[in-house]
$ cat protein_24.cif   # mmCIF, C-alpha atoms
data_target
#
loop_
_atom_site.label_atom_id
_atom_site.label_comp_id
_atom_site.auth_asym_id
_atom_site.auth_seq_id
_atom_site.Cartn_x
_atom_site.Cartn_y
_atom_site.Cartn_z
CA MET A 27 83.55 6.16 102.14
CA SER A 28 82.06 9.41 100.89
CA ALA A 29 82.71 11.00 104.28
CA PHE A 30 86.43 10.25 103.85
CA ILE A 31 86.53 11.95 100.46
CA LEU A 32 84.51 14.90 101.71
CA ILE A 33 86.85 15.42 104.67
CA ILE A 34 89.88 15.34 102.39
CA LEU A 35 88.31 17.77 99.90
CA SER A 36 87.14 20.08 102.64
CA ALA A 37 90.34 20.15 104.70
CA VAL A 38 92.79 20.39 101.80
CA PHE A 39 90.92 22.54 99.30
CA THR A 40 87.60 24.19 100.11
CA ASN A 41 88.48 25.12 103.71
CA ASN A 42 92.24 25.34 103.33
CA PHE A 43 93.79 26.71 106.49
CA ILE A 44 95.95 29.36 104.84
CA THR A 45 94.03 30.51 101.81
CA VAL A 46 90.46 30.36 103.16
CA LYS A 47 90.61 30.50 106.96
CA THR A 48 93.82 32.63 107.12
CA TYR A 49 95.31 30.61 110.00
CA GLY A 50 99.08 30.24 110.31
CA ILE A 51 100.08 33.21 108.16
CA CYS A 52 103.25 33.93 110.18
CA PRO A 53 105.10 30.75 109.10
CA PHE A 54 103.50 31.04 105.67
CA LEU A 55 105.23 34.38 105.12
CA GLY A 56 108.27 33.85 107.30
CA VAL A 57 109.50 30.36 106.44
CA SER A 58 108.58 30.17 102.74
CA LYS A 59 111.75 31.62 101.25
CA LYS A 60 113.22 28.19 100.43
CA THR A 61 111.34 25.04 99.40
CA SER A 62 113.32 22.79 101.73
CA SER A 63 112.47 24.85 104.80
CA ALA A 64 108.85 25.18 103.69
CA VAL A 65 108.54 21.39 103.46
CA GLY A 66 110.16 20.98 106.90
CA MET A 67 107.81 23.52 108.46
CA GLY A 68 104.78 21.95 106.78
CA ILE A 69 105.61 18.47 108.01
CA ALA A 70 106.36 19.73 111.52
CA VAL A 71 103.03 21.59 111.66
CA THR A 72 101.16 18.53 110.39
CA VAL A 73 102.72 16.26 113.02
CA VAL A 74 101.99 18.71 115.84
CA MET A 75 98.41 19.26 114.61
CA VAL A 76 97.65 15.52 114.67
CA LEU A 77 99.32 14.95 118.05
CA ALA A 78 97.65 18.01 119.59
CA THR A 79 94.23 16.84 118.40
CA LEU A 80 94.97 13.36 119.74
CA VAL A 81 95.50 14.85 123.21
CA THR A 82 93.12 17.81 123.33
CA TYR A 83 90.03 16.02 121.96
CA PRO A 84 89.81 13.49 124.83
CA VAL A 85 90.83 16.14 127.36
CA TYR A 86 88.03 18.47 126.25
CA ASN A 87 85.35 15.78 126.04
CA TYR A 88 86.22 13.44 128.92
CA VAL A 89 88.47 15.24 131.41
CA MET A 90 87.14 18.80 131.43
CA VAL A 91 83.56 17.56 131.72
CA ALA A 92 82.37 14.53 133.71
CA HIS A 93 78.93 12.94 133.94
CA ASN A 94 77.22 10.69 136.47
CA ALA A 95 75.67 7.43 135.32
CA ASP A 96 72.28 9.18 134.98
CA GLY A 97 73.75 11.91 132.78
CA THR A 98 73.97 14.80 135.25
CA GLU A 99 77.18 16.81 135.19
CA ILE A 100 79.63 16.33 138.04
CA TRP A 101 81.94 19.08 136.85
CA ASN A 102 82.35 21.15 133.72
CA PHE A 103 85.21 23.55 133.23
CA GLN A 104 85.25 23.66 129.45
CA PHE A 105 85.32 27.46 129.64
CA LEU A 106 89.00 27.15 130.61
CA TRP A 107 89.87 25.44 127.32
CA ILE A 108 92.23 28.18 126.09
CA ILE A 109 94.58 27.77 129.04
CA PHE A 110 94.44 23.97 128.88
CA PHE A 111 94.98 23.76 125.14
CA ILE A 112 97.86 26.23 124.96
CA PHE A 113 99.62 24.43 127.79
CA ILE A 114 99.09 21.02 126.16
CA ILE A 115 100.43 22.30 122.82
CA ALA A 116 103.44 24.02 124.38
CA SER A 117 104.47 20.97 126.41
CA LEU A 118 103.81 18.66 123.47
CA VAL A 119 106.09 20.70 121.23
CA GLN A 120 108.78 20.78 123.89
CA MET A 121 108.55 16.99 124.37
CA LEU A 122 108.61 16.33 120.64
CA GLU A 123 111.71 18.48 120.31
CA MET A 124 113.51 16.51 123.03
CA ILE A 125 112.48 13.14 121.57
CA ILE A 126 113.57 14.06 118.04
CA ARG A 127 116.89 15.41 119.30
CA LYS A 128 117.53 12.13 121.14
CA ILE A 129 116.38 9.71 118.44
CA SER A 130 117.50 11.34 115.21
CA PRO A 131 119.93 14.27 115.25
CA SER A 132 119.78 14.60 111.46
CA LEU A 133 115.99 14.98 111.53
CA TYR A 134 116.41 17.46 114.38
CA ASN A 135 118.77 19.55 112.29
CA SER A 136 116.32 19.71 109.39
CA MET A 137 113.01 19.95 111.25
CA GLY A 138 113.76 20.73 114.89
CA VAL A 139 114.49 24.40 114.31
CA TYR A 140 110.87 24.96 113.28
CA LEU A 141 109.39 23.24 116.31
CA PRO A 142 109.65 26.11 118.85
CA LEU A 143 107.93 28.40 116.33
CA ILE A 144 104.91 26.11 116.21
CA THR A 145 103.76 26.85 119.77
CA THR A 146 102.70 30.32 118.71
CA ASN A 147 101.11 29.18 115.48
CA CYS A 148 97.41 29.86 115.01
CA ALA A 149 96.98 26.76 112.87
CA VAL A 150 97.53 24.30 115.73
CA LEU A 151 95.27 26.07 118.24
CA GLY A 152 92.84 26.71 115.39
CA VAL A 153 92.49 23.06 114.43
CA THR A 154 92.09 21.87 118.03
CA GLN A 155 89.43 24.44 118.85
CA MET A 156 87.41 23.55 115.74
CA PHE A 157 86.16 20.35 117.37
CA ASN A 158 85.02 21.98 120.63
CA GLY A 159 81.37 21.20 121.23
CA VAL A 160 80.84 19.73 117.75
CA THR A 161 78.48 16.76 117.90
CA SER A 162 78.01 15.93 114.21
CA LEU A 163 80.60 15.69 111.46
CA GLY A 164 78.28 17.72 109.22
CA ASP A 165 78.88 20.79 111.37
CA ILE A 166 82.48 21.17 110.24
CA VAL A 167 82.38 19.43 106.83
CA THR A 168 79.58 20.65 104.58
CA GLY A 169 77.71 18.03 102.60
CA VAL A 170 78.23 15.10 104.95
CA GLY A 171 74.79 15.23 106.52
CA THR A 172 73.85 14.48 110.08
CA ALA A 173 74.39 10.72 109.93
CA PHE A 174 77.95 10.78 111.27
CA THR A 175 78.51 11.64 114.93
CA MET A 176 81.79 13.35 115.71
CA ASN A 177 84.49 11.19 117.22
CA ILE A 178 88.23 11.26 117.64
CA GLY A 179 88.83 9.34 114.40
CA TRP A 180 87.19 12.01 112.24
CA ALA A 181 88.94 14.72 114.24
CA LEU A 182 92.34 13.13 113.63
CA LEU A 183 91.61 12.65 109.93
CA TYR A 184 90.55 16.27 109.60
CA ALA A 185 93.64 17.50 111.43
CA LEU A 186 95.91 15.35 109.25
CA PHE A 187 94.48 16.65 106.01
CA ALA A 188 94.35 20.23 107.25
CA GLY A 189 98.10 19.83 107.79
CA VAL A 190 98.47 18.40 104.28
CA GLY A 191 96.64 21.42 102.87
CA PHE A 192 98.91 23.72 104.87
CA THR A 193 102.03 21.96 103.52
CA LEU A 194 100.68 22.10 99.96
CA VAL A 195 100.20 25.87 100.08
CA MET A 196 103.59 26.34 101.75
CA ILE A 197 105.28 24.42 98.90
CA ILE A 198 103.44 26.41 96.21
CA MET A 199 104.36 29.68 97.90
CA SER A 200 108.03 28.77 98.37
CA GLY A 201 108.33 27.73 94.72
CA LEU A 202 106.89 31.05 93.59
CA ARG A 203 109.12 33.02 95.93
CA GLU A 204 112.24 31.21 94.77
CA LYS A 205 111.26 32.17 91.24
CA LEU A 206 110.54 35.76 92.31
CA ASN A 207 114.07 36.11 93.65
CA CYS A 208 115.33 36.04 90.06
CA TYR A 209 113.54 39.28 89.25
CA LYS A 210 114.08 42.80 90.42
CA THR A 211 111.24 44.37 92.40
CA HIS A 212 110.75 47.99 93.37
CA LYS A 213 112.43 48.87 96.65
CA ALA A 214 109.16 49.58 98.45
CA LEU A 215 107.60 46.31 97.30
CA ALA A 216 110.54 44.04 98.12
CA GLY A 217 110.08 41.58 100.95
CA PHE A 218 106.66 41.23 102.57
CA PRO A 219 104.52 43.27 100.13
CA VAL A 220 105.48 41.21 97.09
CA ALA A 221 105.04 38.00 99.10
CA MET A 222 101.54 39.08 100.05
CA ILE A 223 100.64 39.96 96.49
CA THR A 224 101.86 36.49 95.48
CA ALA A 225 99.71 35.02 98.25
CA CYS A 226 96.77 36.96 96.85
CA PHE A 227 97.08 35.07 93.58
CA ILE A 228 97.36 31.70 95.36
CA CYS A 229 94.18 32.56 97.27
CA MET A 230 92.43 33.41 94.01
CA ALA A 231 93.41 30.03 92.63
CA PHE A 232 92.06 28.31 95.74
CA MET A 233 88.82 30.32 95.54
CA VAL A 234 87.88 28.13 92.58
CA PHE A 235 87.47 25.17 94.95
CA SER A 236 84.86 27.03 96.98
CA TYR A 237 82.49 26.78 94.01
CA ILE A 238 82.49 22.97 94.20
CA LYS A 239 78.97 21.84 95.07
CA ILE A 240 78.68 18.33 96.44
CA MET B 14 108.65 62.83 129.31
CA ASN B 15 110.73 62.54 126.14
CA LYS B 16 111.07 58.82 126.87
CA TYR B 17 107.29 58.31 126.80
CA LYS B 18 107.01 60.33 123.59
CA LYS B 19 109.58 58.05 121.94
CA ILE B 20 107.75 54.89 123.12
CA THR B 21 104.46 56.24 121.79
CA LEU B 22 105.86 57.26 118.41
CA ASP B 23 107.66 53.92 118.07
CA GLY B 24 104.50 51.94 118.79
CA LEU B 25 102.30 54.06 116.56
CA ILE B 26 104.55 54.69 113.55
CA PHE B 27 108.22 53.72 113.47
CA GLN B 28 107.79 50.24 114.96
CA ASN B 29 104.14 49.82 114.03
CA PRO B 30 103.35 46.15 114.69
CA THR B 31 101.18 45.73 111.59
CA PHE B 32 103.07 47.67 108.92
CA MET B 33 106.69 47.77 110.04
CA LEU B 34 107.10 44.50 111.97
CA VAL B 35 104.33 42.51 110.17
CA LEU B 36 103.17 40.74 113.34
CA GLY B 37 99.73 39.37 114.11
CA THR B 38 98.91 38.77 110.47
CA CYS B 39 96.25 36.07 110.92
CA PRO B 40 93.66 38.20 112.77
CA THR B 41 94.52 41.19 110.56
CA LEU B 42 93.70 39.37 107.33
CA ALA B 43 90.64 37.63 108.74
CA MET B 44 89.13 40.80 110.18
CA ILE B 45 89.81 43.28 107.38
CA LYS B 46 88.06 41.00 104.90
CA GLN B 47 84.96 40.89 107.14
CA SER B 48 84.20 44.52 107.84
CA ALA B 49 85.68 47.73 109.23
CA THR B 50 83.61 47.31 112.40
CA SER B 51 84.98 43.88 113.26
CA ALA B 52 88.52 45.02 112.35
CA MET B 53 88.19 47.89 114.81
CA GLY B 54 86.68 45.59 117.43
CA MET B 55 89.61 43.20 117.02
CA GLY B 56 92.07 46.08 117.36
CA LEU B 57 90.45 47.37 120.55
CA THR B 58 90.30 43.86 122.06
CA VAL B 59 94.01 43.39 121.39
CA LEU B 60 94.66 46.89 122.81
CA VAL B 61 93.01 45.93 126.11
CA ILE B 62 94.70 42.54 126.37
CA LEU B 63 98.11 43.92 125.35
CA THR B 64 98.00 46.75 127.89
CA LEU B 65 96.91 44.48 130.75
CA SER B 66 99.44 41.76 129.89
CA ASN B 67 102.22 44.35 129.59
CA ILE B 68 101.35 45.80 133.01
CA ILE B 69 101.12 42.39 134.73
CA ILE B 70 104.29 41.00 133.14
CA SER B 71 106.24 44.18 133.88
CA ALA B 72 105.08 44.11 137.51
CA LEU B 73 106.15 40.47 137.82
CA ARG B 74 109.43 40.80 135.90
CA ARG B 75 111.61 40.29 138.99
CA VAL B 76 109.53 37.31 140.20
CA ILE B 77 109.40 35.24 137.00
CA PRO B 78 112.52 33.05 136.61
CA ASN B 79 114.27 33.58 133.29
CA SER B 80 114.26 29.91 132.25
CA VAL B 81 110.46 29.44 132.44
CA ARG B 82 109.43 32.91 131.36
CA ILE B 83 107.67 31.96 128.11
CA PRO B 84 105.22 29.50 129.76
CA CYS B 85 104.54 32.11 132.46
CA TYR B 86 103.76 34.77 129.84
CA ILE B 87 101.52 32.36 127.96
CA VAL B 88 99.53 31.51 131.10
CA ILE B 89 99.06 35.21 131.93
CA ILE B 90 97.95 36.01 128.38
CA ALA B 91 95.66 32.96 128.17
CA THR B 92 93.97 33.93 131.44
CA LEU B 93 93.41 37.49 130.21
CA VAL B 94 92.00 36.21 126.91
CA THR B 95 89.62 33.88 128.77
CA PHE B 96 88.39 36.81 130.89
CA VAL B 97 87.92 39.06 127.88
CA GLN B 98 86.14 36.29 126.00
CA MET B 99 83.64 35.83 128.84
CA LEU B 100 83.07 39.58 129.18
CA LEU B 101 82.50 40.03 125.44
CA LYS B 102 80.14 37.04 125.31
CA LYS B 103 78.06 38.58 128.09
CA PHE B 104 78.11 42.29 127.23
CA LEU B 105 78.99 42.59 123.51
CA PRO B 106 77.56 39.46 121.86
CA ASP B 107 77.63 41.04 118.38
CA LEU B 108 81.38 41.66 118.55
CA TYR B 109 81.89 38.19 120.07
CA GLU B 110 80.10 36.64 117.08
CA SER B 111 82.04 38.64 114.49
CA LEU B 112 85.44 37.88 116.02
CA GLY B 113 84.65 34.17 116.11
CA ALA B 114 87.61 31.83 116.50
CA PHE B 115 90.10 34.70 116.27
CA LEU B 116 89.18 35.95 119.75
CA ALA B 117 90.69 32.81 121.28
CA LEU B 118 93.61 32.98 118.85
CA ILE B 119 94.77 36.27 120.42
CA VAL B 120 96.65 33.93 122.79
CA VAL B 121 99.03 33.00 119.98
CA ASN B 122 99.12 36.53 118.55
CA CYS B 123 102.79 37.41 118.07
CA ILE B 124 102.23 41.06 119.07
CA VAL B 125 101.19 40.27 122.63
CA LEU B 126 103.94 37.73 123.29
CA GLY B 127 106.44 39.83 121.35
CA ARG B 128 105.86 42.97 123.41
CA ALA B 129 105.99 40.92 126.62
CA GLU B 130 109.33 39.39 125.65
CA ALA B 131 110.92 42.44 124.02
CA PHE B 132 109.63 45.28 126.17
CA ALA B 133 107.55 44.52 129.27
CA SER B 134 110.09 42.12 130.77
CA LYS B 135 112.77 44.84 130.80
CA HIS B 136 110.93 48.08 131.66
CA THR B 137 108.93 49.66 134.47
CA VAL B 138 105.16 49.33 134.81
CA GLY B 139 104.45 52.85 133.55
CA GLU B 140 106.60 52.48 130.45
CA ALA B 141 105.10 49.05 129.74
CA ALA B 142 101.57 50.43 130.02
CA VAL B 143 102.36 53.27 127.60
CA ASP B 144 104.00 50.81 125.23
CA GLY B 145 100.94 48.53 125.35
CA ILE B 146 98.56 51.39 124.61
CA ALA B 147 100.76 52.78 121.81
CA ASN B 148 101.22 49.40 120.10
CA GLY B 149 97.57 48.52 120.55
CA LEU B 150 96.55 51.86 119.03
CA GLY B 151 98.97 51.35 116.14
CA PHE B 152 97.41 47.93 115.53
CA THR B 153 93.85 49.30 115.83
CA VAL B 154 94.45 52.22 113.45
CA ALA B 155 96.13 49.97 110.89
CA LEU B 156 93.33 47.40 111.03
CA THR B 157 90.61 50.03 110.85
CA LEU B 158 92.19 51.76 107.84
CA MET B 159 92.58 48.51 105.90
CA GLY B 160 89.13 47.38 107.04
CA ILE B 161 87.61 50.57 105.63
CA ILE B 162 89.37 50.06 102.29
CA CYS B 163 88.37 46.40 102.07
CA GLU B 164 84.77 47.02 103.11
CA PHE B 165 84.33 49.94 100.75
CA LEU B 166 85.72 48.07 97.74
CA GLY B 167 84.15 44.75 98.71
CA SER B 168 80.60 45.80 99.47
CA GLY B 169 80.35 49.56 98.90
CA SER B 170 79.64 50.31 102.55
CA LEU B 171 81.44 51.94 105.47
CA PHE B 172 80.98 50.55 108.99
CA GLY B 173 77.84 48.76 107.81
CA LEU B 174 76.39 51.91 106.21
CA GLN B 175 75.56 51.40 102.53
CA ILE B 176 77.14 54.25 100.54
CA MET B 177 77.22 53.05 96.97
CA LYS B 178 74.34 50.83 95.91
CA SER B 179 75.48 48.64 93.07
CA PHE B 180 79.25 48.88 93.59
CA LYS B 181 80.82 45.63 94.66
CA ILE B 182 84.17 43.94 93.95
CA ALA B 183 83.55 40.64 95.71
CA ILE B 184 87.23 39.67 95.84
CA PHE B 185 87.92 42.32 98.48
CA SER B 186 85.74 40.49 100.99
CA GLN B 187 87.75 37.29 100.39
CA PRO B 188 91.21 36.41 101.77
CA ALA B 189 92.73 37.18 98.35
CA GLY B 190 91.63 40.82 98.48
CA ALA B 191 92.74 41.12 102.10
CA PHE B 192 96.23 39.91 101.11
CA LEU B 193 96.34 42.42 98.25
CA VAL B 194 95.25 45.38 100.40
CA TYR B 195 97.63 44.40 103.21
CA GLY B 196 100.60 44.03 100.85
CA ILE B 197 100.02 47.35 99.14
CA ALA B 198 99.39 49.08 102.49
CA ILE B 199 102.76 47.85 103.81
CA ALA B 200 104.50 49.03 100.65
CA VAL B 201 102.94 52.51 100.82
CA PHE B 202 103.56 52.88 104.55
CA THR B 203 107.22 51.86 104.41
CA TYR B 204 107.76 54.07 101.35
CA VAL B 205 106.30 57.12 103.11
CA ILE B 206 108.27 56.47 106.31
CA ASP B 207 111.47 55.98 104.29
CA ALA B 208 110.91 59.24 102.42
CA PHE B 209 110.17 61.06 105.68
CA GLU B 210 113.32 59.75 107.38
CA ARG B 211 115.41 60.50 104.29
CA SER B 212 114.14 64.09 104.15
CA ARG B 213 114.84 64.47 107.85
CA ARG B 214 118.36 63.15 107.38
CA VAL B 215 118.92 65.44 104.39
CA LYS B 216 117.73 68.41 106.41
CA ALA B 217 120.01 67.50 109.31
CA ASN B 218 122.98 67.09 106.95
CA LYS B 219 122.26 70.43 105.33
CA LEU B 220 122.13 72.13 108.72
CA ALA B 221 125.40 70.52 109.75
CA ARG B 222 127.08 71.60 106.50
CA GLU B 223 125.88 75.18 106.89
CA ASN B 224 127.19 75.23 110.45
CA LEU B 225 130.54 73.91 109.25
CA LEU B 226 130.69 76.50 106.47
CA LYS B 227 129.83 79.25 108.92
CA GLU B 228 132.61 78.11 111.23
CA ALA B 229 135.06 77.93 108.32
CA VAL B 230 134.18 81.47 107.26
#
$ encode --input "protein_24.cif" --output "structure tokens"
Amino acid sequence: MSAFILIILSAVFTNNFITVKTYGICPFLGVSKKTSSAVGMGIAVTVVMVLATLVTYPVYNYVMVAHNADGTEIWNFQFLWIIFFIFIIASLVQMLEMIIRKISPSLYNSMGVYLPLITTNCAVLGVTQMFNGVTSLGDIVTGVGTAFTMNIGWALLYALFAGVGFTLVMIIMSGLREKLNCYKTHKALAGFPVAMITACFICMAFMVFSYIKI
Amino acid sequence: MNKYKKITLDGLIFQNPTFMLVLGTCPTLAMIKQSATSAMGMGLTVLVILTLSNIIISALRRVIPNSVRIPCYIVIIATLVTFVQMLLKKFLPDLYESLGAFLALIVVNCIVLGRAEAFASKHTVGEAAVDGIANGLGFTVALTLMGIICEFLGSGSLFGLQIMKSFKIAIFSQPAGAFLVYGIAIAVFTYVIDAFERSRRVKANKLARENLLKEAV
């Protein structure tokens, strides 16, 4: 049970993808002008993160490396993981877009426009590469200890809550930016600079979580 | 020759990928908060990958079908990144360690894919190579400058050399400080470029008016 809570705390707060690891800054700055689009982007990223982990984790651990019954390696091409992973993510996003367009046009109109952007999003490739070669859950979540071996369940849980943390920060940012639109900023600061200074304050708020000792 | 000068100036200043277009933000923020050395290393790695990918994509621009061009670009870039990753691991292990996960994430760096899509797929090999070098240099210079500021304020050192002993504002070696420095750097850069272009336009207008007056007299 404690491992569950530690994963949630770690993925959402202490190792938040945007404010601590600085993954996925492009959508964070580009799609956070309105709350509705920020929520759509956050949900889309979360879905793709979980699905990508679901596919890449077995591919990395069982397809790209194979063992004989006595434990000797038959083949190992894990060094090609970048090419494999980016292709898996790109085709997954494409497939998801087609499925959503077929099943629910209304969902496609609200969420589908963000899907093509996700292929070139660091957050998805970042979360899938985190589990490469990790044998114990304690290696990616501090405070868990060495008792838990890494498996696809933990990986999926981590990916899900990393996506939740991403969505949370997106919503905070979009709320602040909507509010900022009501005020006049200096011409040089308008646009990206003022968004980044806002992000600076969100990061400061999230820094508090890094002092949690478990 | 004028054409190459324009490409170079665009990549370095007027279309600078970091300050003017705000592309490739993830590695920028992650590296400038670490140190000036790793920021410069990141910039040079992107410079190499960007130049090579621009050359290859420009050479293949008539072969790649338009409808599947993005997957083709991604495969080319991913292969180059894999090569560079192996080379760095073997020959520059310190830089490999400091870049960490962001070395692999160059694959999804918007600058590389953006230049491939916007420039390399429409121009000759020579122009694409110059464009890659110019944009890579613009990225490297921007990252190094911000890395120097962040490292100096965050730990009182420059390129790992301790300059001021007990001077340290810890926030500048955190993502928060990196965001602050990046935001202010964009504001200053765009302000200076705007002022420069305005003064150039004013000068040109003045010249035109004088010419007109002269003709009228």
$ resolve_selection --input "protein_24.cif" --expression "the PyMOL selection byres ((chain B) within 9 of (chain A))" --output "number ranges by chain"
B: 35-40, 42-43, 84, 87-88, 90-92, 94-95, 99, 114-115, 117-123, 126, 184, 187-204, 207
$ atom_distance --input "protein_24.cif" --atom1 "CA of Thr61 (chain A)" --atom2 "CA of Gly201 (chain A)"
6.2 Å
$ residues_around --input "protein_24.cif" --residues "region 98-104 of chain A" --least-positions-apart "4" --cutoff "12 Å" --atoms "only C-alpha atoms" --output "ChimeraX atom specification"
/A:82-83,85-94,108-111,155,158-159 /B:95
$ residues_around --input "protein_24.cif" --residues "Ser62 (chain A)" --least-positions-apart "6" --cutoff "9 Å" --atoms "all atoms listed in the file" --output "ChimeraX atom specification"
/A:136,197,200
$ residues_around --input "protein_24.cif" --residues "region 65-80 of chain A" --least-positions-apart "6" --cutoff "6 Å" --atoms "all atoms listed in the file" --output "list in words"
Met137, Tyr140, Val150, Thr154, Leu182, Ala185, Leu186, Gly189 and Thr193 of chain A
$ atom_distance --input "protein_24.cif" --atom1 "CA of Leu194 (chain A)" --atom2 "CA of Ile33 (chain A)"
16.1 Å
$ residues_around --input "protein_24.cif" --residues "Ala173 (chain A)" --least-positions-apart "2" --cutoff "10 Å" --atoms "all atoms listed in the file" --output "number ranges by chain"
A: 162-164, 170-171, 175-176
$ atom_distance --input "protein_24.cif" --atom1 "CA of Thr137 (chain B)" --atom2 "CA of Leu60 (chain B)"
18.6 Å
$ residues_around --input "protein_24.cif" --residues "Ile69 (chain B)" --least-positions-apart "6" --cutoff "12 Å" --atoms "all atoms listed in the file" --output "list in words"
Ile62, Leu63, Arg75, Val76, Ile77, Cys85, Tyr86, Val88, Ile89, Ile90, Thr92, Leu93, Ala129, Ala133, Ser134, His136, Thr137, Val138, Gly139, Ala141, Ala142 and Gly145 of chain B
